[in-house]
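A short write-up of the structure that comes next.
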Amino acid sequence: MKKLFKVALVAAGMLFAGNFAQAQSKIGHINFQQLIDFMPETKTVKSQLEIYQKQFIDQLTTMNNEYQTKGQAYQSKRTTMTDAARGAAETELQDIAKRLQDYQQSSQQQVEAKQRELGKPLIDKARAAVSAVAKEKGYGYVLDTTSEYLVVSPDADDLMPAVKLKLGLK
């Protein structure tokens with residue numbers, strides 16, 4: 001009889017603990033990229049990034065024009081060039097192409113670094129607002145639905161309206 005009572009007590013305790021744990025793991029969701037797009041600071045970040053990126057595009061255009069001009073000059077004079085002149089011209093074109101490719105990779109990395117630098121405060125602000133709303137509403141987990149991976153999700157667990165309100169967005 002005592003053993004049966006202990007088993008029943010353990011079963012009731014596990015049932016209670018399971019329900020308690022389930023109540024603690026409330027899951028919400030938000031489209032984080034859409035939240036970032038709603039924030040007015042996003043326009044400022046995008047315009048600053050476009051200005052920064054334009055300087056690289058201008059330099060790449062200049063370098064590409066030089067490459068095209070020298071390539072056309074080489075093509076038109078190639079048949080009349082000596083072997084030494086042809087070899088020098090080909091080496092020069094290869095060097096220009098390599099510099100163009102290296103500059104393009106370098107500029108892309110610099111633009112990506114600038115994007116992370118400018119976007120970090122914005123992402124931190126959005127993440128803080130999501131965390132605050134999740135804490136206020138008792139959510140233990142918040143999933144990012146930017147990639148549309150949730151097959152089924154109740155509207156009540158969408159934190160977008162509450163986070164927009166927290167950030168003062170319409």
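Quick note on naming: the chains in the structure tokens go A, B, ... in the order shown, residues restart at 1 in each chain, and ligands are numbered from 1 in order of appearance.
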Open item on the list: Which residues are near Lys98 in chain A? Cut-off 12 Å, only C-alpha atoms, ignore same chain within fewer than 5 positions. Put them as an MDAnalysis selection string.
Closed with: chainID A and resid 63:64 67 91:93 103:105
All heavy atoms of the current selection, written as a PDB file, in the first residue's frame:
```pdb
ATOM      1  N   MET A  63      38.350  52.085 -63.097  1.00  0.00           N
ATOM      2  CA  MET A  63      39.299  51.007 -63.370  1.00  0.00           C
ATOM      3  C   MET A  63      38.834  50.135 -64.542  1.00  0.00           C
ATOM      4  O   MET A  63      39.634  49.731 -65.389  1.00  0.00           O
ATOM      5  CB  MET A  63      39.484  50.145 -62.110  1.00  0.00           C
ATOM      6  CG  MET A  63      40.203  50.850 -60.986  1.00  0.00           C
ATOM      7  SD  MET A  63      40.207  49.906 -59.443  1.00  0.00           S
ATOM      8  CE  MET A  63      41.417  48.645 -59.846  1.00  0.00           C
ATOM      9  N   ASN A  64      37.545  49.860 -64.617  1.00  0.00           N
ATOM     10  CA  ASN A  64      36.999  49.053 -65.701  1.00  0.00           C
ATOM     11  C   ASN A  64      37.127  49.778 -67.037  1.00  0.00           C
ATOM     12  O   ASN A  64      37.444  49.151 -68.051  1.00  0.00           O
ATOM     13  CB  ASN A  64      35.542  48.700 -65.417  1.00  0.00           C
ATOM     14  CG  ASN A  64      35.028  47.649 -66.365  1.00  0.00           C
ATOM     15  OD1 ASN A  64      35.721  46.689 -66.672  1.00  0.00           O
ATOM     16  ND2 ASN A  64      33.810  47.835 -66.846  1.00  0.00           N
ATOM     17  N   TYR A  67      40.632  49.442 -68.184  1.00  0.00           N
ATOM     18  CA  TYR A  67      40.855  48.082 -68.678  1.00  0.00           C
ATOM     19  C   TYR A  67      40.261  47.915 -70.082  1.00  0.00           C
ATOM     20  O   TYR A  67      40.899  47.337 -70.979  1.00  0.00           O
ATOM     21  CB  TYR A  67      40.237  47.078 -67.700  1.00  0.00           C
ATOM     22  CG  TYR A  67      40.377  45.642 -68.106  1.00  0.00           C
ATOM     23  CD1 TYR A  67      41.613  45.004 -68.106  1.00  0.00           C
ATOM     24  CD2 TYR A  67      39.260  44.891 -68.495  1.00  0.00           C
ATOM     25  CE1 TYR A  67      41.747  43.675 -68.480  1.00  0.00           C
ATOM     26  CE2 TYR A  67      39.385  43.566 -68.864  1.00  0.00           C
ATOM     27  CZ  TYR A  67      40.628  42.964 -68.859  1.00  0.00           C
ATOM     28  OH  TYR A  67      40.752  41.654 -69.231  1.00  0.00           O
ATOM     29  N   THR A  91      50.662  41.289 -70.303  1.00  0.00           N
ATOM     30  CA  THR A  91      50.976  41.308 -68.874  1.00  0.00           C
ATOM     31  C   THR A  91      50.305  42.496 -68.192  1.00  0.00           C
ATOM     32  O   THR A  91      49.752  42.366 -67.097  1.00  0.00           O
ATOM     33  CB  THR A  91      52.504  41.361 -68.661  1.00  0.00           C
ATOM     34  OG1 THR A  91      53.088  40.229 -69.300  1.00  0.00           O
ATOM     35  CG2 THR A  91      52.855  41.354 -67.186  1.00  0.00           C
ATOM     36  N   GLU A  92      50.345  43.654 -68.872  1.00  0.00           N
ATOM     37  CA  GLU A  92      49.707  44.849 -68.311  1.00  0.00           C
ATOM     38  C   GLU A  92      48.196  44.650 -68.176  1.00  0.00           C
ATOM     39  O   GLU A  92      47.608  44.998 -67.147  1.00  0.00           O
ATOM     40  CB  GLU A  92      49.995  46.071 -69.193  1.00  0.00           C
ATOM     41  CG  GLU A  92      49.385  47.346 -68.637  1.00  0.00           C
ATOM     42  CD  GLU A  92      49.581  48.557 -69.537  1.00  0.00           C
ATOM     43  OE1 GLU A  92      49.952  48.390 -70.717  1.00  0.00           O
ATOM     44  OE2 GLU A  92      49.341  49.671 -69.051  1.00  0.00           O
ATOM     45  N   LEU A  93      47.571  44.053 -69.186  1.00  0.00           N
ATOM     46  CA  LEU A  93      46.130  43.788 -69.119  1.00  0.00           C
ATOM     47  C   LEU A  93      45.799  42.797 -68.006  1.00  0.00           C
ATOM     48  O   LEU A  93      44.798  42.960 -67.290  1.00  0.00           O
ATOM     49  CB  LEU A  93      45.623  43.258 -70.465  1.00  0.00           C
ATOM     50  CG  LEU A  93      45.465  44.292 -71.570  1.00  0.00           C
ATOM     51  CD1 LEU A  93      45.153  43.623 -72.900  1.00  0.00           C
ATOM     52  CD2 LEU A  93      44.388  45.303 -71.226  1.00  0.00           C
ATOM     53  N   TYR A 103      40.358  44.760 -56.102  1.00  0.00           N
ATOM     54  CA  TYR A 103      39.665  45.947 -55.580  1.00  0.00           C
ATOM     55  C   TYR A 103      38.180  45.646 -55.383  1.00  0.00           C
ATOM     56  O   TYR A 103      37.584  46.086 -54.399  1.00  0.00           O
ATOM     57  CB  TYR A 103      39.853  47.143 -56.519  1.00  0.00           C
ATOM     58  CG  TYR A 103      39.287  48.417 -55.951  1.00  0.00           C
ATOM     59  CD1 TYR A 103      39.965  49.122 -54.970  1.00  0.00           C
ATOM     60  CD2 TYR A 103      38.051  48.894 -56.361  1.00  0.00           C
ATOM     61  CE1 TYR A 103      39.445  50.275 -54.423  1.00  0.00           C
ATOM     62  CE2 TYR A 103      37.519  50.045 -55.826  1.00  0.00           C
ATOM     63  CZ  TYR A 103      38.220  50.740 -54.855  1.00  0.00           C
ATOM     64  OH  TYR A 103      37.690  51.877 -54.303  1.00  0.00           O
ATOM     65  N   GLN A 104      37.604  44.891 -56.301  1.00  0.00           N
ATOM     66  CA  GLN A 104      36.190  44.552 -56.171  1.00  0.00           C
ATOM     67  C   GLN A 104      35.942  43.721 -54.916  1.00  0.00           C
ATOM     68  O   GLN A 104      35.007  43.986 -54.161  1.00  0.00           O
ATOM     69  CB  GLN A 104      35.723  43.792 -57.415  1.00  0.00           C
ATOM     70  CG  GLN A 104      34.237  43.508 -57.440  1.00  0.00           C
ATOM     71  CD  GLN A 104      33.809  42.866 -58.750  1.00  0.00           C
ATOM     72  OE1 GLN A 104      34.632  42.398 -59.532  1.00  0.00           O
ATOM     73  NE2 GLN A 104      32.520  42.839 -58.988  1.00  0.00           N
ATOM     74  N   GLN A 105      36.794  42.723 -54.655  1.00  0.00           N
ATOM     75  CA  GLN A 105      36.646  41.898 -53.454  1.00  0.00           C
ATOM     76  C   GLN A 105      36.859  42.725 -52.194  1.00  0.00           C
ATOM     77  O   GLN A 105      36.114  42.610 -51.225  1.00  0.00           O
ATOM     78  CB  GLN A 105      37.628  40.732 -53.491  1.00  0.00           C
ATOM     79  CG  GLN A 105      37.274  39.671 -54.499  1.00  0.00           C
ATOM     80  CD  GLN A 105      38.323  38.570 -54.599  1.00  0.00           C
ATOM     81  OE1 GLN A 105      39.425  38.707 -54.077  1.00  0.00           O
ATOM     82  NE2 GLN A 105      37.989  37.490 -55.271  1.00  0.00           N
TER      83      GLN A 105
END
```
Pull the closest atom pair for each residue of range 108-156 of chain A that gets at most 9 Å from range 30-50 of chain A, along with the distance in Å to one decimal, counting only C-alpha atoms, ordering rows by chain and then ascending residue number, as CSV.
```
residue,atom,partner,partner_atom,distance
A:Val111,CA,A:Leu49,CA,7.5
A:Lys114,CA,A:Leu49,CA,7.2
A:Gln115,CA,A:Leu49,CA,6.6
A:Leu118,CA,A:Val45,CA,6.2
A:Gly119,CA,A:Val45,CA,6.9
A:Leu122,CA,A:Glu41,CA,7.2
A:Ile123,CA,A:Ile36,CA,7.2
A:Ala126,CA,A:Ile36,CA,6.9
A:Arg127,CA,A:Phe32,CA,8.5
A:Val130,CA,A:Ile30,CA,8.4
A:Val142,CA,A:Ile30,CA,7.1
A:Leu143,CA,A:Ile30,CA,6.4
A:Asp144,CA,A:Ile30,CA,5.3
A:Thr145,CA,A:Asn31,CA,4.6
A:Thr146,CA,A:Asn31,CA,4.7
A:Ser147,CA,A:Asn31,CA,8.2
A:Glu148,CA,A:Asn31,CA,8.3
```
Can you write just those residues out, N, CA, C and O atoms, as a PDB file, in the first residue's frame?
```pdb
ATOM      1  N   VAL A 111      32.318  47.219 -47.672  1.00  0.00           N
ATOM      2  CA  VAL A 111      30.906  47.603 -47.638  1.00  0.00           C
ATOM      3  C   VAL A 111      30.135  46.709 -46.663  1.00  0.00           C
ATOM      4  O   VAL A 111      29.298  47.192 -45.889  1.00  0.00           O
ATOM      5  N   LYS A 114      30.953  47.826 -43.187  1.00  0.00           N
ATOM      6  CA  LYS A 114      30.251  49.082 -42.887  1.00  0.00           C
ATOM      7  C   LYS A 114      28.773  48.812 -42.623  1.00  0.00           C
ATOM      8  O   LYS A 114      28.172  49.414 -41.728  1.00  0.00           O
ATOM      9  N   GLN A 115      28.199  47.877 -43.375  1.00  0.00           N
ATOM     10  CA  GLN A 115      26.794  47.523 -43.168  1.00  0.00           C
ATOM     11  C   GLN A 115      26.592  46.938 -41.776  1.00  0.00           C
ATOM     12  O   GLN A 115      25.628  47.274 -41.090  1.00  0.00           O
ATOM     13  N   LEU A 118      26.970  49.891 -39.220  1.00  0.00           N
ATOM     14  CA  LEU A 118      25.813  50.791 -39.184  1.00  0.00           C
ATOM     15  C   LEU A 118      24.551  50.079 -38.692  1.00  0.00           C
ATOM     16  O   LEU A 118      23.696  50.689 -38.054  1.00  0.00           O
ATOM     17  N   GLY A 119      24.437  48.781 -38.997  1.00  0.00           N
ATOM     18  CA  GLY A 119      23.228  48.045 -38.637  1.00  0.00           C
ATOM     19  C   GLY A 119      23.208  47.534 -37.209  1.00  0.00           C
ATOM     20  O   GLY A 119      22.136  47.257 -36.664  1.00  0.00           O
ATOM     21  N   LEU A 122      20.939  49.344 -34.693  1.00  0.00           N
ATOM     22  CA  LEU A 122      19.546  49.125 -35.076  1.00  0.00           C
ATOM     23  C   LEU A 122      19.090  47.726 -34.654  1.00  0.00           C
ATOM     24  O   LEU A 122      18.021  47.564 -34.060  1.00  0.00           O
ATOM     25  N   ILE A 123      19.903  46.737 -34.921  1.00  0.00           N
ATOM     26  CA  ILE A 123      19.580  45.361 -34.550  1.00  0.00           C
ATOM     27  C   ILE A 123      19.538  45.211 -33.031  1.00  0.00           C
ATOM     28  O   ILE A 123      18.638  44.563 -32.490  1.00  0.00           O
ATOM     29  N   ALA A 126      16.266  46.708 -31.778  1.00  0.00           N
ATOM     30  CA  ALA A 126      15.132  45.828 -32.077  1.00  0.00           C
ATOM     31  C   ALA A 126      15.160  44.591 -31.189  1.00  0.00           C
ATOM     32  O   ALA A 126      14.127  44.177 -30.653  1.00  0.00           O
ATOM     33  N   ARG A 127      16.342  44.027 -31.000  1.00  0.00           N
ATOM     34  CA  ARG A 127      16.469  42.825 -30.167  1.00  0.00           C
ATOM     35  C   ARG A 127      16.088  43.144 -28.715  1.00  0.00           C
ATOM     36  O   ARG A 127      15.432  42.335 -28.046  1.00  0.00           O
ATOM     37  N   VAL A 130      12.306  43.350 -28.514  1.00  0.00           N
ATOM     38  CA  VAL A 130      11.709  42.006 -28.576  1.00  0.00           C
ATOM     39  C   VAL A 130      11.894  41.307 -27.230  1.00  0.00           C
ATOM     40  O   VAL A 130      10.951  40.698 -26.705  1.00  0.00           O
ATOM     41  N   VAL A 142      11.371  33.202 -28.490  1.00  0.00           N
ATOM     42  CA  VAL A 142      10.800  33.950 -29.602  1.00  0.00           C
ATOM     43  C   VAL A 142      11.534  33.508 -30.862  1.00  0.00           C
ATOM     44  O   VAL A 142      12.755  33.604 -30.947  1.00  0.00           O
ATOM     45  N   LEU A 143      10.777  33.006 -31.817  1.00  0.00           N
ATOM     46  CA  LEU A 143      11.350  32.540 -33.073  1.00  0.00           C
ATOM     47  C   LEU A 143      11.303  33.643 -34.120  1.00  0.00           C
ATOM     48  O   LEU A 143      10.340  34.401 -34.183  1.00  0.00           O
ATOM     49  N   ASP A 144      12.331  33.701 -34.949  1.00  0.00           N
ATOM     50  CA  ASP A 144      12.386  34.662 -36.051  1.00  0.00           C
ATOM     51  C   ASP A 144      11.724  34.011 -37.260  1.00  0.00           C
ATOM     52  O   ASP A 144      12.188  32.993 -37.763  1.00  0.00           O
ATOM     53  N   THR A 145      10.648  34.599 -37.750  1.00  0.00           N
ATOM     54  CA  THR A 145       9.915  34.034 -38.885  1.00  0.00           C
ATOM     55  C   THR A 145      10.291  34.698 -40.201  1.00  0.00           C
ATOM     56  O   THR A 145       9.545  34.588 -41.178  1.00  0.00           O
ATOM     57  N   THR A 146      11.434  35.360 -40.255  1.00  0.00           N
ATOM     58  CA  THR A 146      11.872  36.012 -41.483  1.00  0.00           C
ATOM     59  C   THR A 146      11.910  35.016 -42.640  1.00  0.00           C
ATOM     60  O   THR A 146      11.537  35.333 -43.756  1.00  0.00           O
ATOM     61  N   SER A 147      12.341  33.810 -42.375  1.00  0.00           N
ATOM     62  CA  SER A 147      12.471  32.794 -43.422  1.00  0.00           C
ATOM     63  C   SER A 147      11.183  31.999 -43.638  1.00  0.00           C
ATOM     64  O   SER A 147      11.174  31.053 -44.421  1.00  0.00           O
ATOM     65  N   GLU A 148      10.129  32.335 -42.937  1.00  0.00           N
ATOM     66  CA  GLU A 148       8.826  31.682 -43.081  1.00  0.00           C
ATOM     67  C   GLU A 148       8.892  30.175 -42.804  1.00  0.00           C
ATOM     68  O   GLU A 148       8.316  29.371 -43.515  1.00  0.00           O
TER      69      GLU A 148
END
```
- [ ] Apply DSSP to the structure's backbone, then extract all residues of range 42-152 of chain A labelled helix (DSSP H, G or I) and return them as an MDAnalysis selection string.
- [x] chainID A and resid 42:80 83:137
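All residues within range 13-169 of chain A that the backbone DSSP calculation assigns to strand (DSSP E or B) are A:Ile27, A:Gly28, A:His29, A:Ile30, A:Tyr141, A:Val142, A:Leu143, A:Asp144, A:Asp158.
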Selection export as a short mmCIF file (atom, residue, chain, number, x, y, z; two decimals), in the first residue's frame, atoms kept: N, CA and C atoms:
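Saved to selection_27.cif:
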```cif
data_model
loop_
_atom_site.label_atom_id
_atom_site.label_comp_id
_atom_site.auth_asym_id
_atom_site.auth_seq_id
_atom_site.Cartn_x
_atom_site.Cartn_y
_atom_site.Cartn_z
N ILE A 27 6.04 30.07 -26.41
CA ILE A 27 6.83 30.41 -27.59
C ILE A 27 6.09 31.45 -28.43
N GLY A 28 6.79 32.52 -28.73
CA GLY A 28 6.23 33.56 -29.59
C GLY A 28 7.02 33.62 -30.89
N HIS A 29 6.58 34.47 -31.80
CA HIS A 29 7.30 34.61 -33.07
C HIS A 29 7.21 36.04 -33.57
N ILE A 30 8.19 36.42 -34.39
CA ILE A 30 8.22 37.75 -34.98
C ILE A 30 9.06 37.69 -36.25
N TYR A 141 10.62 31.78 -25.31
CA TYR A 141 11.32 31.69 -26.59
C TYR A 141 10.59 32.55 -27.61
N VAL A 142 11.37 33.20 -28.49
CA VAL A 142 10.80 33.95 -29.60
C VAL A 142 11.53 33.51 -30.86
N LEU A 143 10.78 33.01 -31.82
CA LEU A 143 11.35 32.54 -33.07
C LEU A 143 11.30 33.64 -34.12
N ASP A 144 12.33 33.70 -34.95
CA ASP A 144 12.39 34.66 -36.05
C ASP A 144 11.72 34.01 -37.26
N ASP A 158 2.16 36.20 -32.16
CA ASP A 158 2.94 37.11 -32.99
C ASP A 158 3.24 38.36 -32.16
#
```
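Compared by their closest atoms to Phe56 in chain A, and using only C-alpha atoms, the residues A:Leu100, A:Ala73, A:Ala132, A:Ala162 rank with A:Leu100 nearest.
Atom to atom, CA of Gln68 in chain A and CA of Thr82 in chain A stand 21.4 Å apart.
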